[in-house]
Amino acid sequence: MNDEVPNIRMISSDTQPAPHGYALWEFTGHDWMLKKDASVAGAIPGKPPRSPGLFKGQIRAVPSVTIS
Amino acid sequence: MPSQIKMTARTPESCQFRQTIDDAALYRCDVLSALLMGDLQDGTVVSEDVCKACCRLFEPSTRDLNPVIASLVWSRVSEALTDELSLNNSERSERLSKLLQFAESNIPVVLGDENDLPVFPKQFETQRQIPVGRIHESLPELVEVGQQINDWAVGVTTAARRIPTLELCLTSLAAAGWQRPKLFIDGDLQLPRPALALPQTVRYPTTGAWSNYYHSLAELLETTRASFLMIVQDDAWWPTQLPVRQYLEQIHWPSCDRFIVSAYCCANDTSPIAGWRQYGDIWKYGAVALIFSRSAAAAFISDPVVSSYGKEQFAGIDSIIGEWAERNRIPLFIPTPSLVQHIGDVSTLWRTARAVGVRRASRFIGDELVLPVAD
């Protein structure tokens, strides 16, 4: 098995659906806990995933939002 | 009898990466073991729930994580980065930070009310057709008087994928009205049964997604006299219950010589009002199924900027087409709801681009027009 960690280039227009950044949420087994806020300046994390996770420790990336 | 396509699904029991351990309810994952080297081996043990979630997705590797594996790596590594070992060992900390970044890049950013673990359907069924009038009601035409599309050349571009979609694409395309597209195959590919009898061009060795797209359109232009040329990517899923071709041949388009029609509309471009519209900005999301007027195709193929892109082109096909259309003021029309769904789990072009979030059609006419159960 190849254990090299490649540098992935996220260049496609399709792979940048979060102009305001994003937040990472972790499923604790019961609810979603904010683990990382990667929002751009002026933005805040959006709401956590609506559906429960499929397993404890699942991470979801959700687009951040701006408040007008 | 409706035709049926069965896909072979991965299961936890058949997973080549799953190893049993002493605890009957837990397993060791070889992919995690290879990624979490050394002192993080405790993090390679997973539950049945994890295996089930992982098997809903494409098979992961250490270079290409699916969101389940990416989740686990991210969790394990972010925790390890705060432990005493990392705090006292900059080399370890640097290695783990790089791994964390890699894992994070493999977790798709998806709206909170969407699923980032797309389920690849095990079976599609070709249904009886709904009358074309229902499409007209759901997707009104842009103009009532104008030219019509009635003379087609259709090509399907395809290449190897982790989860093959070509069979689904061709079967649904045939049900929607196009039974004999030309296949443009990039590289070595084992063809599914519906593809065997179709005309084909094979490029070997692999030329890349952009090159295959460009040369496929050029070949249709050179070898046919069709007034309209449609290029469909192999991860397009057409509504099998709807006569989409008949509908597209009945509606009207503004009387301009050069234009493009996208049968696909991604979530980002979906309009609050159903109907066709001319795209008002630089179009860039989803060359899933594009119809070029012959003049537009000829201008596109001969454009010096477009034709200068080579195999190592790192802009998306859609971005190139959108930029060219904007530069040359070529109108591009898109529908709401989308006439086609994007089912590709992973693009043949971009290793980490998945058909989730904005890359799916949030309104797909195949979901909106269905036969009643009692019908």
# chains A, B, ... in the order shown; residues from 1 in each chain; ligands from 1
>>> residues_around(residues="Gln58 (chain A)", least_positions_apart="5", cutoff="12 Å", atoms="only C-alpha atoms", output="JSON, numbers by chain")
{"A": [24, 25, 26, 27, 28, 29, 30, 31, 32, 33, 34, 35, 49, 51, 52, 53], "B": [46, 49, 50, 53, 54, 66, 67, 68, 69, 70, 71, 72, 73, 74, 75, 76, 107, 116, 117]}
>>> select_by_dssp(residues="region 233-299 of chain B", states="helix (DSSP H, G or I)", output="number ranges by chain")
B: 244-250, 267-269, 294-299
>>> closest_residue(among="A:Asp37, A:Arg50, A:Pro19, A:Gly42", to="chain B", atoms="only C-alpha atoms")
A:Arg50
>>> residues_around(residues="Leu220 (chain B)", least_positions_apart="5", cutoff="8 Å", atoms="only C-alpha atoms", output="PyMOL selection string")
chain B and resi 153-155+229
>>> closest_residue(among="A:Pro48, A:His20, A:Ser39, A:Leu54", to="Arg56 (chain B)", atoms="only C-alpha atoms")
A:Leu54
>>> atom_distance(atom1="CA of Lys47 (chain A)", atom2="CA of Arg60 (chain A)")
11.4 Å
>>> decode(residues="region 227-275 of chain B", atoms="C-alpha atoms", output="CSV table (one decimal), in the first residue's frame")
chain,number,residue,atom,x,y,z
B,227,SER,CA,-27.0,21.0,-36.8
B,228,PHE,CA,-26.7,20.4,-33.0
B,229,LEU,CA,-23.9,18.5,-31.2
B,230,MET,CA,-24.4,17.1,-27.7
B,231,ILE,CA,-21.6,15.9,-25.5
B,232,VAL,CA,-22.7,13.9,-22.5
B,233,GLN,CA,-20.3,13.0,-19.7
B,234,ASP,CA,-20.6,9.4,-18.5
B,235,ASP,CA,-21.8,10.4,-15.1
B,236,ALA,CA,-25.1,11.9,-16.4
B,237,TRP,CA,-28.3,10.2,-15.3
B,238,TRP,CA,-31.3,10.9,-17.5
B,239,PRO,CA,-34.9,10.5,-16.2
B,240,THR,CA,-35.9,7.2,-17.7
B,241,GLN,CA,-39.6,7.9,-17.4
B,242,LEU,CA,-39.5,11.1,-19.4
B,243,PRO,CA,-39.2,11.6,-23.2
B,244,VAL,CA,-36.5,14.3,-22.8
B,245,ARG,CA,-35.4,14.2,-26.4
B,246,GLN,CA,-38.9,14.7,-27.7
B,247,TYR,CA,-39.3,17.6,-25.3
B,248,LEU,CA,-36.1,19.3,-26.4
B,249,GLU,CA,-37.1,18.9,-30.1
B,250,GLN,CA,-40.4,20.6,-29.4
B,251,ILE,CA,-39.3,23.7,-27.6
B,252,HIS,CA,-38.0,26.9,-29.2
B,253,TRP,CA,-34.8,28.8,-28.9
B,254,PRO,CA,-33.9,32.4,-29.7
B,255,SER,CA,-32.9,32.8,-33.3
B,256,CYS,CA,-29.2,33.2,-33.0
B,257,ASP,CA,-26.6,31.2,-34.8
B,258,ARG,CA,-24.3,30.3,-32.0
B,259,PHE,CA,-25.6,29.2,-28.7
B,260,ILE,CA,-25.2,26.4,-26.1
B,261,VAL,CA,-27.9,24.6,-24.1
B,262,SER,CA,-27.1,22.8,-20.9
B,263,ALA,CA,-29.5,20.0,-20.0
B,264,TYR,CA,-28.0,20.1,-16.5
B,265,CYS,CA,-28.4,22.7,-13.8
B,266,CYS,CA,-26.4,22.4,-10.6
B,267,ALA,CA,-27.6,23.4,-7.1
B,268,ASN,CA,-25.8,26.8,-7.2
B,269,ASP,CA,-27.5,27.8,-10.5
B,270,THR,CA,-31.0,26.7,-9.7
B,271,SER,CA,-33.5,29.4,-10.1
B,272,PRO,CA,-36.5,30.0,-7.8
B,273,ILE,CA,-38.7,30.1,-10.9
B,274,ALA,CA,-39.0,27.1,-13.1
B,275,GLY,CA,-38.1,27.5,-16.7
